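Engineer: My structure is stored as final19.tsv, with TSV, C-alpha atoms.
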```tsv
chain	number	residue	atom	x	y	z
A	1	MET	CA	0.00	0.00	0.00
A	2	ASN	CA	2.29	2.72	-1.17
A	3	ILE	CA	-0.41	4.85	-2.69
A	4	SER	CA	-1.47	7.61	-0.34
A	5	ILE	CA	-4.84	9.35	-0.12
A	6	LYS	CA	-3.27	12.47	-1.62
A	7	GLN	CA	-1.99	10.58	-4.65
A	8	LEU	CA	-5.42	9.04	-5.15
A	9	PHE	CA	-6.90	12.52	-5.29
A	10	GLY	CA	-4.22	13.60	-7.75
A	11	ARG	CA	-2.54	16.14	-5.45
A	12	LYS	CA	0.94	17.38	-6.28
A	13	PRO	CA	3.82	16.02	-4.16
A	14	LYS	CA	4.75	18.22	-1.21
A	15	SER	CA	7.32	20.89	-2.00
A	16	SER	CA	9.31	19.91	1.10
A	17	SER	CA	9.94	16.42	-0.25
A	18	ILE	CA	10.92	17.84	-3.64
A	19	ALA	CA	13.37	20.15	-1.83
A	20	LYS	CA	14.89	17.22	0.03
A	21	GLN	CA	15.30	15.12	-3.13
A	22	ARG	CA	16.91	17.97	-5.08
A	23	LEU	CA	19.23	18.83	-2.21
A	24	LYS	CA	20.38	15.23	-1.78
A	25	LEU	CA	21.36	15.05	-5.45
A	26	VAL	CA	23.16	18.37	-5.60
A	27	ILE	CA	24.99	17.85	-2.31
A	28	THR	CA	26.27	14.46	-3.42
A	29	GLN	CA	27.64	16.20	-6.51
A	30	ASP	CA	29.15	19.03	-4.44
A	31	ARG	CA	30.85	16.54	-2.14
A	32	PHE	CA	32.39	14.39	-4.84
A	33	ASP	CA	33.06	16.76	-7.67
A	34	VAL	CA	36.81	16.93	-8.10
A	35	ASP	CA	38.45	20.24	-8.90
A	36	ASP	CA	39.71	20.39	-12.54
A	37	ARG	CA	43.19	21.39	-11.37
A	38	VAL	CA	43.33	18.34	-9.11
A	39	MET	CA	42.25	16.11	-12.01
A	40	THR	CA	45.00	17.55	-14.25
A	41	ARG	CA	47.63	17.01	-11.55
A	42	LEU	CA	46.41	13.45	-10.96
A	43	HIS	CA	46.57	12.86	-14.72
A	44	HIS	CA	50.24	13.94	-14.83
A	45	GLU	CA	51.19	11.96	-11.75
A	46	LEU	CA	49.45	8.81	-13.01
A	47	ALA	CA	51.20	9.14	-16.39
A	48	GLU	CA	54.54	9.47	-14.61
A	49	VAL	CA	54.04	6.28	-12.59
A	50	LEU	CA	52.58	4.30	-15.51
A	51	ALA	CA	55.48	5.29	-17.75
A	52	LYS	CA	57.79	3.22	-15.53
A	53	TYR	CA	55.95	0.06	-16.58
A	54	PHE	CA	54.25	0.73	-19.89
A	55	GLU	CA	54.79	2.42	-23.19
A	56	PHE	CA	51.90	4.69	-24.16
A	57	SER	CA	51.18	8.16	-25.38
A	58	ALA	CA	50.46	10.43	-22.40
A	59	ASN	CA	47.45	12.10	-23.96
A	60	SER	CA	45.75	8.76	-24.61
A	61	ILE	CA	44.87	8.47	-20.90
A	62	LYS	CA	41.23	9.20	-20.32
A	63	MET	CA	39.95	9.94	-16.83
A	64	ASP	CA	36.37	10.26	-15.80
A	65	LEU	CA	34.18	10.42	-12.68
A	66	LYS	CA	31.10	8.26	-12.79
A	67	GLN	CA	28.25	8.32	-10.34
A	68	GLU	CA	26.71	5.10	-9.15
A	69	GLY	CA	23.96	5.64	-6.62
A	70	ASN	CA	25.47	7.50	-3.71
A	71	SER	CA	29.12	6.93	-4.60
A	72	TYR	CA	31.45	8.12	-7.30
A	73	ILE	CA	33.90	6.00	-9.26
A	74	LEU	CA	37.11	7.28	-10.78
A	75	VAL	CA	37.63	5.51	-14.10
A	76	ALA	CA	40.96	5.81	-15.92
A	77	ASP	CA	41.58	4.21	-19.35
A	78	PHE	CA	45.07	4.02	-20.72
A	79	PRO	CA	45.72	2.18	-23.96
A	80	TYR	CA	49.35	1.01	-23.84
A	81	THR	CA	51.48	-0.26	-26.67
A	82	LYS	CA	54.16	-2.16	-24.76
A	83	PHE	CA	54.97	-3.51	-21.31
A	84	HIS	CA	58.55	-2.91	-20.11
A	85	ASN	CA	59.49	-6.49	-19.17
A	86	THR	CA	62.96	-5.31	-18.16
A	87	ASN	CA	61.57	-3.76	-14.99
A	88	MET	CA	60.50	-7.15	-13.66
A	89	GLY	CA	62.24	-8.29	-10.51
A	90	GLN	CA	64.06	-5.04	-9.84
B	1	MET	CA	40.62	27.00	29.93
B	2	GLY	CA	37.59	28.18	27.97
B	3	LYS	CA	36.16	26.90	24.71
B	4	VAL	CA	36.37	28.75	21.40
B	5	ILE	CA	33.28	28.17	19.24
B	6	VAL	CA	32.90	29.59	15.74
B	7	VAL	CA	29.32	30.42	14.69
B	8	THR	CA	29.09	30.04	10.93
B	9	SER	CA	26.78	29.13	8.04
B	10	GLY	CA	28.13	29.70	4.55
B	11	LYS	CA	25.06	31.59	3.39
B	12	GLY	CA	24.34	35.06	4.71
B	13	GLY	CA	21.14	36.12	6.42
B	14	VAL	CA	20.35	32.85	8.18
B	15	GLY	CA	20.91	34.19	11.69
B	16	LYS	CA	24.60	33.84	12.58
B	17	THR	CA	24.84	37.21	14.27
B	18	THR	CA	21.47	36.89	16.01
B	19	SER	CA	22.50	33.43	17.24
B	20	THR	CA	25.90	34.65	18.45
B	21	ALA	CA	24.32	37.59	20.32
B	22	ASN	CA	21.65	35.44	21.93
B	23	LEU	CA	23.84	32.47	22.80
B	24	GLY	CA	26.53	34.76	24.22
B	25	THR	CA	23.96	36.58	26.36
B	26	ALA	CA	22.26	33.31	27.35
B	27	LEU	CA	25.57	31.78	28.49
B	28	ALA	CA	26.29	34.90	30.57
B	29	LEU	CA	22.78	34.70	32.08
B	30	LEU	CA	23.68	31.13	33.08
B	31	GLY	CA	26.66	32.51	34.98
B	32	LYS	CA	29.43	31.84	32.46
B	33	SER	CA	32.05	34.38	31.47
B	34	VAL	CA	31.77	35.00	27.74
B	35	VAL	CA	33.42	37.03	24.98
B	36	VAL	CA	31.57	37.40	21.69
B	37	VAL	CA	33.96	38.24	18.86
B	38	ASP	CA	32.83	39.87	15.62
B	39	ALA	CA	35.00	38.41	12.85
B	40	ASP	CA	33.17	40.22	10.06
B	41	VAL	CA	35.86	42.82	9.39
B	42	GLY	CA	34.49	45.65	7.22
B	43	LEU	CA	30.85	44.63	7.70
B	44	ARG	CA	30.51	44.49	11.46
B	45	ASN	CA	27.04	44.04	12.96
B	46	LEU	CA	27.33	42.13	16.22
B	47	ASP	CA	27.74	45.48	18.04
B	48	ILE	CA	24.45	46.92	16.72
B	49	VAL	CA	22.50	43.69	17.15
B	50	MET	CA	23.60	43.62	20.81
B	51	GLY	CA	22.94	47.34	21.31
B	52	LEU	CA	26.59	48.13	22.07
B	53	GLU	CA	27.36	50.13	18.92
B	54	SER	CA	27.81	53.46	20.73
B	55	ARG	CA	30.41	52.05	23.10
B	56	ILE	CA	33.00	50.68	20.66
B	57	VAL	CA	36.36	52.39	21.06
B	58	TYR	CA	38.86	49.74	19.98
B	59	THR	CA	38.62	46.75	17.65
B	60	SER	CA	40.50	43.49	17.07
B	61	MET	CA	42.49	45.37	14.41
B	62	ASP	CA	43.82	47.76	17.08
B	63	VAL	CA	44.87	44.76	19.17
B	64	ILE	CA	46.64	43.17	16.19
B	65	GLU	CA	48.38	46.44	15.36
B	66	LYS	CA	49.34	46.75	19.04
B	67	GLN	CA	47.47	50.04	19.39
B	68	CYS	CA	45.85	48.72	22.55
B	69	GLU	CA	45.85	45.81	24.97
B	70	LEU	CA	43.33	43.01	24.32
B	71	ALA	CA	41.65	43.51	27.72
B	72	LYS	CA	41.13	47.19	26.97
B	73	ALA	CA	39.50	46.48	23.60
B	74	LEU	CA	36.74	44.39	25.21
B	75	VAL	CA	33.42	46.21	25.70
B	76	ARG	CA	31.57	45.15	28.83
B	77	ASP	CA	27.83	44.53	28.43
B	78	ARG	CA	26.41	46.23	31.53
B	79	ARG	CA	23.08	44.37	31.44
B	80	VAL	CA	24.54	41.04	32.52
B	81	ASP	CA	27.65	39.97	34.44
B	82	GLY	CA	30.47	38.34	32.52
B	83	LEU	CA	29.63	39.32	28.93
B	84	MET	CA	32.14	41.14	26.72
B	85	LEU	CA	32.26	42.08	23.04
B	86	LEU	CA	35.33	42.35	20.85
B	87	ALA	CA	34.28	44.40	17.82
B	88	ALA	CA	35.63	44.13	14.27
B	89	SER	CA	37.18	47.06	12.47
B	90	GLN	CA	34.78	48.71	10.07
B	91	LYS	CA	37.42	50.52	8.00
B	92	ASN	CA	39.57	47.50	7.18
B	93	ASN	CA	38.80	44.40	5.15
B	94	LYS	CA	39.14	40.67	5.74
B	95	ASP	CA	42.56	40.41	4.08
B	96	ASP	CA	44.05	42.82	6.63
B	97	ILE	CA	43.92	40.07	9.26
B	98	GLN	CA	45.79	36.74	9.15
B	99	PRO	CA	44.25	33.53	10.50
B	100	GLU	CA	47.18	33.18	12.95
B	101	GLN	CA	46.45	36.63	14.38
B	102	MET	CA	42.81	35.70	15.04
B	103	LYS	CA	43.96	32.41	16.57
B	104	ALA	CA	46.31	34.29	18.90
B	105	ILE	CA	43.45	36.52	20.08
B	106	CYS	CA	41.15	33.52	20.69
B	107	ASP	CA	43.90	31.64	22.54
B	108	LYS	CA	44.41	34.59	24.84
B	109	LEU	CA	40.68	35.12	25.44
B	110	ARG	CA	40.14	31.48	26.40
B	111	THR	CA	42.56	31.78	29.31
B	112	THR	CA	40.27	34.33	30.99
B	113	HIS	CA	36.76	33.30	29.83
B	114	ASP	CA	34.60	30.15	29.78
B	115	PHE	CA	33.30	30.72	26.26
B	116	VAL	CA	34.60	32.62	23.24
B	117	LEU	CA	31.95	32.80	20.50
B	118	VAL	CA	33.26	33.95	17.13
B	119	ASP	CA	30.68	35.36	14.72
B	120	SER	CA	31.87	34.39	11.25
B	121	PRO	CA	31.10	36.35	8.10
B	122	ALA	CA	29.19	34.61	5.31
B	123	GLY	CA	31.20	32.92	2.58
B	124	ILE	CA	33.99	30.36	2.40
B	125	GLU	CA	36.87	32.78	1.85
B	126	ARG	CA	39.34	34.57	4.09
B	127	GLY	CA	36.73	35.87	6.54
B	128	PHE	CA	35.66	32.31	7.27
B	129	SER	CA	39.25	31.04	7.62
B	130	ASN	CA	40.01	33.90	10.02
B	131	ALA	CA	36.91	33.22	12.09
B	132	SER	CA	37.52	29.48	12.34
B	133	ALA	CA	41.32	29.63	12.81
B	134	GLY	CA	41.21	29.56	16.60
B	135	ALA	CA	38.07	27.46	17.04
B	136	ASP	CA	37.83	24.13	18.87
B	137	GLU	CA	34.17	23.66	18.02
B	138	ALA	CA	31.64	25.00	15.56
B	139	ILE	CA	27.99	25.90	15.50
B	140	VAL	CA	26.54	25.84	11.99
B	141	VAL	CA	23.37	27.89	11.64
B	142	THR	CA	20.99	27.05	8.83
B	143	THR	CA	17.39	27.75	7.86
B	144	PRO	CA	15.31	24.91	6.36
B	145	ASP	CA	15.67	26.04	2.72
B	146	VAL	CA	17.67	24.61	-0.16
B	147	SER	CA	20.30	27.35	-0.53
B	148	ALA	CA	21.09	27.63	3.18
B	149	ILE	CA	21.37	23.85	3.57
B	150	ARG	CA	23.54	23.43	0.51
B	151	ASP	CA	25.92	26.14	1.76
B	152	ALA	CA	25.88	24.64	5.26
B	153	ASP	CA	27.06	21.35	3.76
B	154	ARG	CA	30.01	23.12	2.09
B	155	ILE	CA	30.95	24.80	5.37
B	156	ILE	CA	30.66	21.51	7.28
B	157	GLY	CA	33.11	19.94	4.80
B	158	LEU	CA	35.60	22.78	5.35
B	159	LEU	CA	35.23	22.57	9.15
B	160	GLN	CA	35.81	18.80	9.03
B	161	ASN	CA	38.95	19.31	6.93
B	162	ALA	CA	40.17	21.77	9.57
B	163	GLN	CA	39.47	19.08	12.22
B	164	ILE	CA	37.09	21.29	14.15
B	165	GLU	CA	34.97	19.00	16.32
B	166	PRO	CA	32.16	18.76	17.32
B	167	ILE	CA	30.14	20.60	14.69
B	168	ASN	CA	26.65	21.28	16.02
B	169	LEU	CA	23.68	22.40	13.97
B	170	VAL	CA	21.22	25.16	14.88
B	171	LEU	CA	18.10	24.96	12.74
B	172	ASN	CA	16.79	28.51	12.64
B	173	ARG	CA	13.49	30.12	11.56
B	174	PHE	CA	11.68	26.84	11.79
B	175	SER	CA	7.92	26.96	11.25
B	176	ALA	CA	5.86	24.08	12.62
B	177	GLN	CA	2.93	25.29	10.55
B	178	LEU	CA	4.86	25.18	7.25
B	179	VAL	CA	6.26	21.76	8.12
B	180	GLY	CA	2.73	20.65	8.90
B	181	ASN	CA	1.37	21.53	5.47
B	182	GLY	CA	4.37	20.07	3.69
B	183	SER	CA	6.01	23.32	2.53
B	184	MET	CA	9.06	23.12	4.79
B	185	MET	CA	11.54	20.33	5.46
B	186	ASP	CA	11.41	19.11	9.04
B	187	GLN	CA	14.41	18.61	11.32
B	188	ALA	CA	14.70	14.92	10.40
B	189	ASP	CA	14.96	15.84	6.69
B	190	VAL	CA	17.68	18.43	7.37
B	191	LEU	CA	19.66	16.07	9.61
B	192	ASP	CA	19.36	13.29	7.04
B	193	ILE	CA	21.01	15.57	4.48
B	194	LEU	CA	23.67	17.24	6.64
B	195	ASN	CA	24.46	14.32	8.93
B	196	ILE	CA	25.73	16.29	11.96
B	197	ASP	CA	24.41	16.65	15.52
B	198	LEU	CA	21.50	18.98	16.15
B	199	ILE	CA	21.96	21.28	19.15
B	200	GLY	CA	18.69	23.15	18.81
B	201	VAL	CA	15.74	24.29	16.75
B	202	VAL	CA	14.81	27.98	16.90
B	203	PRO	CA	11.25	28.70	15.79
B	204	GLU	CA	10.40	31.62	13.54
B	205	ASP	CA	9.77	34.44	16.01
B	206	SER	CA	8.85	38.01	15.11
B	207	GLY	CA	10.37	38.97	18.46
B	208	VAL	CA	13.79	38.64	16.77
B	209	ILE	CA	12.99	41.65	14.58
B	210	THR	CA	11.79	43.87	17.42
B	211	SER	CA	14.66	42.84	19.71
B	212	THR	CA	17.15	43.64	16.95
B	213	ASN	CA	15.44	47.00	16.40
B	214	ARG	CA	15.97	47.79	20.08
B	215	GLY	CA	19.41	46.25	20.46
B	216	ILE	CA	18.24	43.99	23.27
B	217	PRO	CA	18.90	40.29	22.61
B	218	LEU	CA	15.74	38.19	22.63
B	219	VAL	CA	16.91	35.99	25.52
B	220	TYR	CA	16.10	38.81	27.96
B	221	GLU	CA	12.42	38.19	27.14
B	222	ASP	CA	11.87	34.90	28.94
B	223	ALA	CA	8.48	34.13	27.46
B	224	SER	CA	9.32	34.30	23.77
B	225	PRO	CA	9.65	30.91	22.02
B	226	GLY	CA	12.88	32.07	20.34
B	227	ALA	CA	14.37	33.11	23.68
B	228	GLN	CA	13.50	29.76	25.22
B	229	ALA	CA	15.07	27.92	22.29
B	230	TYR	CA	18.32	29.91	22.64
B	231	MET	CA	18.37	29.37	26.41
B	232	ARG	CA	18.05	25.62	25.86
B	233	ILE	CA	20.92	25.66	23.33
B	234	ALA	CA	23.08	27.61	25.80
B	235	ARG	CA	22.36	25.02	28.50
B	236	ARG	CA	23.34	22.25	26.08
B	237	LEU	CA	26.59	24.11	25.35
B	238	THR	CA	27.37	24.03	29.08
B	239	GLY	CA	26.98	20.27	29.00
B	240	GLN	CA	23.43	19.93	30.34
B	241	ARG	CA	21.36	17.24	28.70
B	242	ILE	CA	18.11	18.79	27.59
B	243	PRO	CA	15.99	16.98	25.02
B	244	ILE	CA	15.04	18.88	21.88
B	245	PRO	CA	11.27	19.41	22.10
B	246	ASP	CA	9.14	18.43	19.15
B	247	LEU	CA	8.06	21.69	17.55
B	248	GLU	CA	5.80	19.95	15.08
B	249	ASP	CA	2.55	20.94	16.70
B	250	LYS	CA	0.41	20.70	13.62
B	251	GLY	CA	-3.12	20.43	14.87
B	252	LEU	CA	-5.59	17.60	14.47
B	253	PHE	CA	-6.25	17.83	10.73
B	254	SER	CA	-2.55	17.80	9.80
B	255	ASN	CA	-1.97	14.85	12.07
B	256	ILE	CA	-4.73	12.92	10.31
B	257	VAL	CA	-3.21	13.78	6.92
B	258	LYS	CA	0.20	12.72	8.25
B	259	TRP	CA	-1.25	9.42	9.42
B	260	PHE	CA	-2.54	8.73	5.90
B	261	THR	CA	0.65	9.83	4.17
B	262	ARG	CA	3.35	8.49	6.46
B	263	ASN	CA	4.09	5.44	4.32
B	264	ARG	CA	5.21	7.53	1.39
```
Can you give me the file's structure in the form of structure tokens?
Structural biologist:
Amino acid sequence: MNISIKQLFGRKPKSSSIAKQRLKLVITQDRFDVDDRVMTRLHHELAEVLAKYFEFSANSIKMDLKQEGNSYILVADFPYTKFHNTNMGQ
Amino acid sequence: MGKVIVVTSGKGGVGKTTSTANLGTALALLGKSVVVVDADVGLRNLDIVMGLESRIVYTSMDVIEKQCELAKALVRDRRVDGLMLLAASQKNNKDDIQPEQMKAICDKLRTTHDFVLVDSPAGIERGFSNASAGADEAIVVTTPDVSAIRDADRIIGLLQNAQIEPINLVLNRFSAQLVGNGSMMDQADVLDILNIDLIGVVPEDSGVITSTNRGIPLVYEDASPGAQAYMRIARRLTGQRIPIPDLEDKGLFSNIVKWFTRNR
């Protein structure tokens, strides 16, 4: 029984519950949105570390933030052309 | 050793200065020694809200520039024992003060007083960093509307990064009637979003306007609902455990509607 009397009579949803829903969404974004400068720095630092192990072109790395429910996922794709086997065991 | 508490909000106009004036006065009425500090350099208002505007001689800027001793810059509120105001300079701006200088003032004040309440300016810039630099704890004031709550969440994040703890919420200008007809978020909604501890709910009270007009903090009028709410918050700040009363007195019809809609 999730249908309330008000819904049966075709009343609009309360503005307070709309406010709460909108706030929850925007605050989740505010909390997880990463500063562009931070993303650029992370991009450079990741490329630096990855270059020790792989051969790739630095601007082929793609980074993205994805939202799943209440959490955010940082996704980084880097197509590499070669793995530096010589680094093994050092 | 006294506590330094920053009163802040992010958004302007939600009642930081009113809350600072009333909580400072309330704590003094409870027998504590209190300094209220206006950290809104260039846009000072705590003095006029408290009715002390004609008695300001020195400001925190004069103390920082060593024009006068800290003790001499404090204005004594003659209506109650143990309440002092440290005014902000009106002719300087926020960048003229460094966070470390504000911290030094707060650290000195806490050696001689039980409570130091710092009234923060709106915003997340220098004025806020100055106001919170010397704080152990924070009171975040918000009203139950989307912009104030969103800004409160930003401020809470910054306070957490600065390891200021606890952060207590004052929900201001609350209207049981508007909550009752579904046009205002209730305290549970706000707490669900902000996820910090509630220290009090202050109802919408027209007495705030008249008391500000007169320069007499509301807490001197015992009977007003706003005054009672601020007195309860002050008692909680002193460590007393006082439950937060349910302000949702909505009348019979609203309660019937609520009963039908509570499963939504």
Engineer: Counting all atoms listed in the file, give me one row per residue of chain B with an atom at most 6 Å from an atom of chain A, showing the shortest contact pair and its distance in Å to one decimal, sorted by chain then residue number, as JSON lines.
Structural biologist:
```
{"residue": "B:Gly182", "atom": "CA", "partner": "A:Lys14", "partner_atom": "CA", "distance": 5.3}
{"residue": "B:Ser183", "atom": "CA", "partner": "A:Ser16", "partner_atom": "CA", "distance": 5.0}
{"residue": "B:Met184", "atom": "CA", "partner": "A:Ser16", "partner_atom": "CA", "distance": 4.9}
{"residue": "B:Met185", "atom": "CA", "partner": "A:Ser16", "partner_atom": "CA", "distance": 4.9}
{"residue": "B:Thr261", "atom": "CA", "partner": "A:Ser4", "partner_atom": "CA", "distance": 5.5}
```
Engineer: What does the structure give for the distance between atom CA of B:Asn92 and atom CA of B:Glu65, in Å to one decimal?
Structural biologist: 12.1 Å
Engineer: List the spatial neighbours of stretch 106-108 of chain B as a list in words - criterion: any atom at most 8 Å away, all atoms listed in the file, same-chain residues fewer than 5 positions off excluded.
Structural biologist: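 Contacts, with the query itself left out: Val4, Val116, Gly134 and Ala135 of chain B.
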Engineer: I need the residues from that last selection saved to file as a PDB file, in the coordinates of the input (with C-alpha atoms), if you can.
Structural biologist:
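Everything below was put into selection-v3.pdb:
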```pdb
ATOM      1  CA  VAL B   4      36.370  28.750  21.400  1.00  0.00           C
ATOM      2  CA  VAL B 116      34.600  32.620  23.240  1.00  0.00           C
ATOM      3  CA  GLY B 134      41.210  29.560  16.600  1.00  0.00           C
ATOM      4  CA  ALA B 135      38.070  27.460  17.040  1.00  0.00           C
TER       5      ALA B 135
END
```
Engineer: Within 12 Å of (49.0, 8.3, -15.2) (coordinates as in the file), grab all the protein and nucleic acid residues, counting all atoms listed in the file, and write them out as an MDAnalysis selection string.
Structural biologist: chainID A and resid 39:63 75:80
Engineer: For atom CA of B:Arg79 and atom CA of B:Gly24, determine how far apart the two atoms are, in Å to one decimal place.
Structural biologist: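 Atom-to-atom, atom CA of B:Arg79 to atom CA of B:Gly24, that is 12.5 Å.
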Engineer: Tell me, counting all atoms listed in the file, for each residue of stretch 69-132 of chain B within 12 Å of stretch 202-216 of chain B, which pair of atoms is nearest and how far apart they are in Å to one decimal, in rows ordered by chain and increasing number, as CSV.
Structural biologist:
```
residue,atom,partner,partner_atom,distance
B:Asp77,CA,B:Ile216,CA,10.9
B:Arg78,CA,B:Ile216,CA,11.8
B:Arg79,CA,B:Ile216,CA,9.5
B:Val80,CA,B:Ile216,CA,11.6
```
Engineer: What is the distance between atom CA of B:Val118 and atom CA of B:Leu86, in Å to one decimal?
Structural biologist: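 Atom CA of B:Leu86 lies at a distance of 9.4 Å from atom CA of B:Val118.
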Engineer: Could you check which residues have any atom within 12 Å of (13.1, 16.0, 9.0), counting all atoms listed in the file with coordinates taken straight from the file, and then list them as a list in words?
Structural biologist: Ser16, Ser17, Ala19 and Lys20 of chain A; Pro144, Leu171, Phe174, Ala176, Val179, Gly180, Gly182, Met184, Met185, Asp186, Gln187, Ala188, Asp189, Val190, Leu191, Asp192, Ile193, Leu194, Asn195, Leu198, Val201, Asp246, Leu247 and Glu248 of chain B
Engineer: Determine the nearest neighbour of B:Ala148 from the options B:Pro99, B:Gly15, B:Pro217, B:Gly82, counting all atoms listed in the file.
Structural biologist: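 With all atoms listed in the file as the atom set, the closest residue is B:Gly15.
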Engineer: From the list B:Asp151, B:Asp197, B:Glu100, B:Asp47, which residue is nearest B:Ala21 when using only C-alpha atoms?
Structural biologist: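 Result for the nearest residue to B:Ala21: B:Asp47.
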Engineer: Near B:Ser9, counting all atoms listed in the file, which residues have an atom at most 9 Å away, once you skip same-chain residues fewer than 2 positions from it, shown as a PyMOL selection string?
Structural biologist: chain B and resi 7+11-12+14-16+120-123+139-142+148-149+151-153+155-156
Engineer: Between B:Ala234, B:Ile124, B:Ala26, B:Ala162, which residue has the minimum interatomic distance to B:Asp136, considering all atoms listed in the file?
Structural biologist: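 Comparing B:Ala234, B:Ile124, B:Ala26, B:Ala162 against B:Asp136, the winner is B:Ala162.
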